[in-house]
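What follows is a single structure, written as structure tokens, with notes after it.
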Amino acid sequence: MIYLDNAATTRPKPPGVAEAVTAAMDGWGNCGRGVHPEALAAARTVYGLREKLAGLFGCQRPDHVCFTPNSTMALNIAISGLLEPEDHVISTDLEHNSVLRPLYRLERQGMGLDFAAADSRGQIDYDDFERLLRPNTRAVVCTHASNLTGDLVDIGRVGAFCHAHGLLFILDASQTAGVFPIDMERQHIDVVCFTGHKSLLGPQGTGGLCVREGVDIRPFAVGGTGVQSFLAAQPEEYPTRLEAGTLNSHGLAGLSAAVDFLLETGLDNIRAHETALARRFYEQVRDIPGVTVYGDHSKAERAPVVTLNIADADSGEVSDELAERFGIATRPGAHCAPRLHRALGTEDQGAVRFSWSYFNTEEETDAAAEAVRILAEE
Amino acid sequence: MREKSEKCVVTFRTTAGAMAMERSCKETGLPGRLIPVPRSITAGCGMCWAAPPDAREALEELVMARHLMIDGIYAIIL
């Protein structure tokens with residue numbers, strides 16, 4: 001199988017990730033529960049991962065890196081723990097349902113909600129942020145890159161807007177963490193929500209949020225923490241504040257090994273390889289008669305995603321042909337991005353998404369482009 | 001049971017705080033290890049840093065210099 005569905009989850013994982021998970025399962029106790037060597041082994045690795053991720057995202061405090069099962073949970077925690085029904089929030093049409101549904105739920109409770117609209121090419125107008133601003137605007141919640149088109153959001157510009165108007169900036173880094181630079185200080189980001197199993201190259205079931213010092217998120221879940229056991233309420237200190245229940249330290253062991261691989265290989269090297277492959281594919285398919293490619297490919301800096309349709313063919317049928325006849329894994333359908341599909345006019349047809357990771361090759365990329373050419377000619 | 005002697009004990013409110021202390025002590029060569037919090041101390045986190053009593057001043061300086069998140073520092077017989 002030529003695996004080009006890395007925006008859904010990266011595969012394979014780097015060398016050492018699976019081994020780290022196995023070693024943790026075979027050798028570790030519970031992180032933060034007990035002080036014997038096997039519990040401490042877990043706690044040390046988990047804390048080391050907090051330090052590494054804090055460094056990766058420019059988070060000033062390693063203990064403000066909190067772990068969750070995925071970015072959807074991280075976004076739910078940040079959105080529901082910071083926003084009130086009397087607030088107003090600005091988001092964008094590029095968002096995934098992991099941002100949209102928590103926002104829609106608050107909207108039903110009375111919160112004001114507006115979106116920077118995407119045009120028919122999937123592009124947003126940054127001046128919309130100013131136009132949408134209200135006296136009670138409390139936050140901007142947005143993605144770093146569209147999971148549908150790969151187009152990046154200029155988070156430095158959004159962060160500067162938030163900083164200028166005293167707004168919270170909650171970033172969904174699901175498609176970019178570990179590959180594209182993110183700096184909470186320089187880019188004025190208050191909360192970075194990430195998942196471990198995509199561009200961070202770790203196991204599924206890992207993710208989290210980095211929280212700026214002074215941003216107090218109400219806990220979403222409360223319960224066992226291994227500390228302050230006689231306190232009736234959830235402890236106030238990060239990361240315990242947002243980490244009720246036993247952590248997935250086995251998965252986090254794998255994520256720690258994956259981050260080591262990222263740091264050793266170099267984010268710039270990984271990004272250059274992935275984007276070069278996506279560009280190579282785009283250049284081969286862009287002029288095939290009947291093929292429509294979505295998003296702005298004039299920019300060199302974009303997530304390694306190329307999404308297309310062949311004439312008016314059902315995207316599910318195209319993806320199935322690619323898998324069954326050519327052994328190529330892609331993602332058809334709506335990609336949990338309903339607003340952008342509506343903007344692109346692909347609500348009914350869906351679209352076929354090809355997405356790359358560091359472990360894909362030029363040969364795989366060329367084979368995928370050739371498969372698209374064959375299907376377009378049929 | 002072991003023979004008891006005076007120790008300098010540093011307590012924390014979170015496991016992450018204890019981990020940061022251990023990391024910092026190892027990096028700077030200060031003595032001690034993480035142990036379960038003795039019952040004579042009320043502490044948030046179940047683990048504490050136990051060191052020889054003469055390390056207290058150096059530990060306090062480390063806590064200040066690195067802004068470590070501790071709960072308290074005690075001199076007790078363990």
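Ligands are numbered from 1 in the order shown, chains are lettered A, B, ... in the order of the structure tokens, and residues start at 1 in each chain.
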
For chain A against chain B, with a cut-off of 12 Å and counting only C-alpha atoms, what is the closest atom pair and its distance in Å to one decimal for every residue that makes the cut, ordered by chain and number, as a tab-separated table?
residue	atom	partner	partner_atom	distance
A:Asn30	CA	B:Thr15	CA	11.6
A:Cys31	CA	B:Thr15	CA	8.4
A:Gly32	CA	B:Thr15	CA	5.6
A:Arg33	CA	B:Gly46	CA	7.8
A:Gly34	CA	B:Gly46	CA	7.1
A:Val35	CA	B:Pro36	CA	5.8
A:His36	CA	B:Ile35	CA	7.9
A:Pro37	CA	B:Leu34	CA	9.6
A:Ala39	CA	B:Met47	CA	10.9
A:Leu40	CA	B:Leu34	CA	8.6
A:Ala41	CA	B:Met19	CA	10.5
A:Ala42	CA	B:Met19	CA	10.7
A:Ala43	CA	B:Met19	CA	7.1
A:Arg44	CA	B:Met19	CA	6.3
A:Thr45	CA	B:Met19	CA	9.5
A:Val46	CA	B:Ala16	CA	8.8
A:Tyr47	CA	B:Ala16	CA	6.3
A:Gly48	CA	B:Met19	CA	8.6
A:Leu49	CA	B:Ala16	CA	11.1
A:Arg50	CA	B:Ala16	CA	9.0
A:Glu51	CA	B:Ala20	CA	9.5
A:Gln60	CA	B:His67	CA	11.8
A:Arg61	CA	B:His67	CA	10.3
A:Pro62	CA	B:Ala16	CA	8.4
A:Asp63	CA	B:Ala16	CA	6.0
A:His64	CA	B:Ala16	CA	9.5
A:Val65	CA	B:Ala16	CA	10.0
A:Cys66	CA	B:Ala16	CA	10.3
A:Thr225	CA	B:Thr14	CA	8.7
A:Gly226	CA	B:Gly46	CA	7.0
A:Val227	CA	B:Cys45	CA	4.3
A:Gln228	CA	B:Gly44	CA	4.0
A:Ser229	CA	B:Gly44	CA	7.2
A:Phe230	CA	B:Gly44	CA	8.5
A:Leu231	CA	B:Gly44	CA	8.8
A:Gln234	CA	B:Gly44	CA	11.7
A:Pro235	CA	B:Arg13	CA	8.4
A:Glu236	CA	B:Arg13	CA	9.4
A:Glu237	CA	B:Thr14	CA	7.2
A:Tyr238	CA	B:Thr14	CA	7.9
A:Pro239	CA	B:Ala16	CA	7.3
A:Thr240	CA	B:Thr14	CA	6.5
A:Arg241	CA	B:Thr14	CA	9.4
A:Leu242	CA	B:Thr14	CA	11.9
A:Glu243	CA	B:Thr14	CA	10.9

Residues within 12 Å of A:Glu84, only C-alpha atoms, excluding chain neighbours under 6 positions, as a list in words: Ala78, Pro102, Leu103, Arg105, Leu106, Glu107, Arg108, Gln109, Gly110, Met111, Gly112, Leu113, Asn136, Thr137, Arg138, Ala139, Ile217 and Arg218 of chain A

Would you save the residues from that selection as a CSV table (one decimal), in the first residue's frame, using N, CA and C atoms?
chain,number,residue,atom,x,y,z
A,78,ALA,N,-10.1,23.6,26.2
A,78,ALA,CA,-9.8,25.0,26.1
A,78,ALA,C,-11.0,25.8,25.8
A,102,PRO,N,-17.6,22.3,19.4
A,102,PRO,CA,-17.5,22.9,20.7
A,102,PRO,C,-18.0,24.4,20.6
A,103,LEU,N,-17.7,25.1,19.5
A,103,LEU,CA,-18.1,26.5,19.4
A,103,LEU,C,-19.6,26.5,19.2
A,105,ARG,N,-21.8,24.5,20.1
A,105,ARG,CA,-22.5,24.1,21.4
A,105,ARG,C,-22.6,25.4,22.3
A,106,LEU,N,-21.5,26.2,22.4
A,106,LEU,CA,-21.6,27.4,23.2
A,106,LEU,C,-22.5,28.4,22.5
A,107,GLU,N,-22.5,28.4,21.2
A,107,GLU,CA,-23.4,29.4,20.5
A,107,GLU,C,-24.9,29.1,20.8
A,108,ARG,N,-25.2,27.8,20.9
A,108,ARG,CA,-26.6,27.5,21.3
A,108,ARG,C,-26.9,27.9,22.7
A,109,GLN,N,-25.9,28.1,23.5
A,109,GLN,CA,-26.1,28.7,24.9
A,109,GLN,C,-26.1,30.2,24.9
A,110,GLY,N,-25.9,30.8,23.8
A,110,GLY,CA,-26.0,32.3,23.7
A,110,GLY,C,-24.7,33.0,23.3
A,111,MET,N,-23.6,32.2,23.2
A,111,MET,CA,-22.4,32.9,22.8
A,111,MET,C,-22.4,33.4,21.3
A,112,GLY,N,-21.9,34.6,21.1
A,112,GLY,CA,-21.8,35.1,19.8
A,112,GLY,C,-20.7,34.5,19.0
A,113,LEU,N,-20.9,34.2,17.7
A,113,LEU,CA,-19.9,33.4,16.9
A,113,LEU,C,-19.9,33.9,15.5
A,136,ASN,N,-17.6,42.6,23.0
A,136,ASN,CA,-17.5,41.5,23.9
A,136,ASN,C,-16.7,40.3,23.2
A,137,THR,N,-16.0,40.6,22.2
A,137,THR,CA,-15.1,39.5,21.6
A,137,THR,C,-14.1,39.1,22.6
A,138,ARG,N,-14.0,37.8,22.8
A,138,ARG,CA,-13.1,37.3,23.9
A,138,ARG,C,-12.0,36.5,23.3
A,139,ALA,N,-12.2,35.9,22.1
A,139,ALA,CA,-11.1,35.0,21.6
A,139,ALA,C,-11.2,34.8,20.1
A,217,ILE,N,-7.8,27.8,32.7
A,217,ILE,CA,-8.8,27.1,32.1
A,217,ILE,C,-9.6,26.3,33.1
A,218,ARG,N,-10.9,26.4,33.1
A,218,ARG,CA,-11.7,25.6,34.1
A,218,ARG,C,-11.6,24.1,33.7

In stretch 86-247 of chain A, DSSP strand (DSSP E) residues written as a PyMOL selection string: chain A and resi 88-92+112-116+137-143+168-172+191-195+207-211

Residues near stretch 143-145 of chain A, anyone? I mean within 10 Å using only C-alpha atoms, not counting same-chain ones fewer than 6 positions away, as a PDB file with C-alpha atoms, in the first residue's frame.
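Written file, part16.pdb:
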ATOM      1  CA  SER A  91     -13.170  31.653  13.979  1.00  0.00           C
ATOM      2  CA  THR A  92     -12.711  30.751  10.290  1.00  0.00           C
ATOM      3  CA  ASP A  93     -14.385  28.666   7.610  1.00  0.00           C
ATOM      4  CA  LEU A  94     -11.263  26.475   7.485  1.00  0.00           C
ATOM      5  CA  GLU A  95     -12.059  24.758  10.774  1.00  0.00           C
ATOM      6  CA  HIS A  96     -12.444  21.097  11.544  1.00  0.00           C
ATOM      7  CA  VAL A  99     -13.263  23.357  16.691  1.00  0.00           C
ATOM      8  CA  ASP A 151      -3.501  26.085   3.178  1.00  0.00           C
ATOM      9  CA  LEU A 152      -1.801  27.668   6.179  1.00  0.00           C
ATOM     10  CA  VAL A 153      -3.290  30.382   8.342  1.00  0.00           C
ATOM     11  CA  ASP A 154      -0.864  33.224   9.069  1.00  0.00           C
ATOM     12  CA  ILE A 155      -0.860  32.675  12.818  1.00  0.00           C
ATOM     13  CA  ILE A 170      -6.611  29.328  20.880  1.00  0.00           C
ATOM     14  CA  LEU A 171      -4.750  27.477  18.112  1.00  0.00           C
ATOM     15  CA  ASP A 172      -5.646  24.117  16.618  1.00  0.00           C
ATOM     16  CA  ALA A 173      -2.247  22.749  15.573  1.00  0.00           C
ATOM     17  CA  SER A 174      -3.513  19.295  14.624  1.00  0.00           C
ATOM     18  CA  GLN A 175      -2.118  19.446  11.084  1.00  0.00           C
ATOM     19  CA  THR A 176       1.124  21.282  11.767  1.00  0.00           C
ATOM     20  CA  ALA A 177       2.580  20.440  15.200  1.00  0.00           C
ATOM     21  CA  PHE A 180       5.748  23.924  11.076  1.00  0.00           C
ATOM     22  CA  ILE A 182       4.929  27.448  16.383  1.00  0.00           C
ATOM     23  CA  VAL A 192      -1.866  25.408  21.522  1.00  0.00           C
ATOM     24  CA  CYS A 193      -3.949  22.246  21.048  1.00  0.00           C
ATOM     25  CA  ARG A 302       1.760  24.875   2.933  1.00  0.00           C
ATOM     26  CA  ALA A 303       0.880  21.667   4.718  1.00  0.00           C
ATOM     27  CA  VAL A 305      -1.794  18.059   1.323  1.00  0.00           C
TER      28      VAL A 305
END

Contact residues around stretch 287-289 of chain A with only C-alpha atoms at 12 Å, ignoring same-chain residues under 3 positions, as number ranges by chain: A: 281-284, 292-293, 308-311, 369-378

Could you write out the selected residues, including C-alpha atoms, as a short mmCIF file (atom, residue, chain, number, x, y, z; two decimals), in the first residue's frame?
data_model
loop_
_atom_site.label_atom_id
_atom_site.label_comp_id
_atom_site.auth_asym_id
_atom_site.auth_seq_id
_atom_site.Cartn_x
_atom_site.Cartn_y
_atom_site.Cartn_z
CA PHE A 281 2.46 15.56 -7.10
CA TYR A 282 0.65 18.87 -7.64
CA GLU A 283 2.82 19.73 -10.63
CA GLN A 284 1.96 16.39 -12.25
CA THR A 292 -9.68 20.14 -10.15
CA VAL A 293 -7.18 20.86 -7.38
CA LEU A 308 -8.65 17.14 -5.86
CA ASN A 309 -11.63 15.85 -7.76
CA ILE A 310 -11.84 14.14 -11.13
CA ALA A 311 -14.64 15.70 -13.17
CA ALA A 369 0.01 11.01 -9.93
CA GLU A 370 0.01 8.38 -12.68
CA ALA A 371 -3.01 6.70 -11.10
CA VAL A 372 -4.88 10.00 -11.13
CA ARG A 373 -3.96 10.47 -14.78
CA ILE A 374 -5.28 6.97 -15.67
CA LEU A 375 -8.54 7.50 -13.78
CA ALA A 376 -9.05 10.93 -15.35
CA GLU A 377 -8.62 9.47 -18.83
CA GLU A 378 -11.17 6.71 -18.26
#

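Atom CA of B:Leu30 is found 22.7 Å from atom CA of B:Glu3.
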
Could you check how far atom CA of A:Gly350 sits from atom CA of A:Ser315, in Å to one decimal? 5.6 Å

Which residues, written as a short mmCIF file (atom, residue, chain, number, x, y, z; two decimals) with N, CA and C atoms, in the first residue's frame, have at least one atom at most 12 Å from A:Glu264, with only C-alpha atoms counted and residues fewer than 6 positions away on the same chain left out?
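Full text of selection_38.cif as output:
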data_model
loop_
_atom_site.label_atom_id
_atom_site.label_comp_id
_atom_site.auth_asym_id
_atom_site.auth_seq_id
_atom_site.Cartn_x
_atom_site.Cartn_y
_atom_site.Cartn_z
N PRO A 14 8.12 6.54 13.29
CA PRO A 14 9.59 6.45 13.23
C PRO A 14 10.11 5.23 14.00
N GLY A 178 4.91 19.90 15.06
CA GLY A 178 6.05 19.03 14.79
C GLY A 178 6.67 19.25 13.42
N ALA A 257 9.45 9.24 22.07
CA ALA A 257 10.42 8.72 21.10
C ALA A 257 10.23 9.38 19.74
N ALA A 258 8.97 9.64 19.38
CA ALA A 258 8.69 10.29 18.09
C ALA A 258 9.23 11.72 18.07
N ILE A 270 12.30 17.75 7.67
CA ILE A 270 11.04 17.01 7.50
C ILE A 270 10.07 17.81 6.65
#

When DSSP is applied to the backbone of this structure, which of stretch 31-278 of chain A are assigned helix (DSSP H, G or I)? Write them out as an NGL selection string. :A and (37-57 or 62-64 or 71-82 or 97-108 or 127-132 or 155-165 or 240-242 or 249-265 or 267-278)

Please identify all polymer residues within 10 Å of A:Thr68, counting only C-alpha atoms, omitting same-chain residues fewer than 4 positions from it, and present them as number ranges by chain. A: 72-75, 77, 193-196, 205-209, 242-244, 247-248
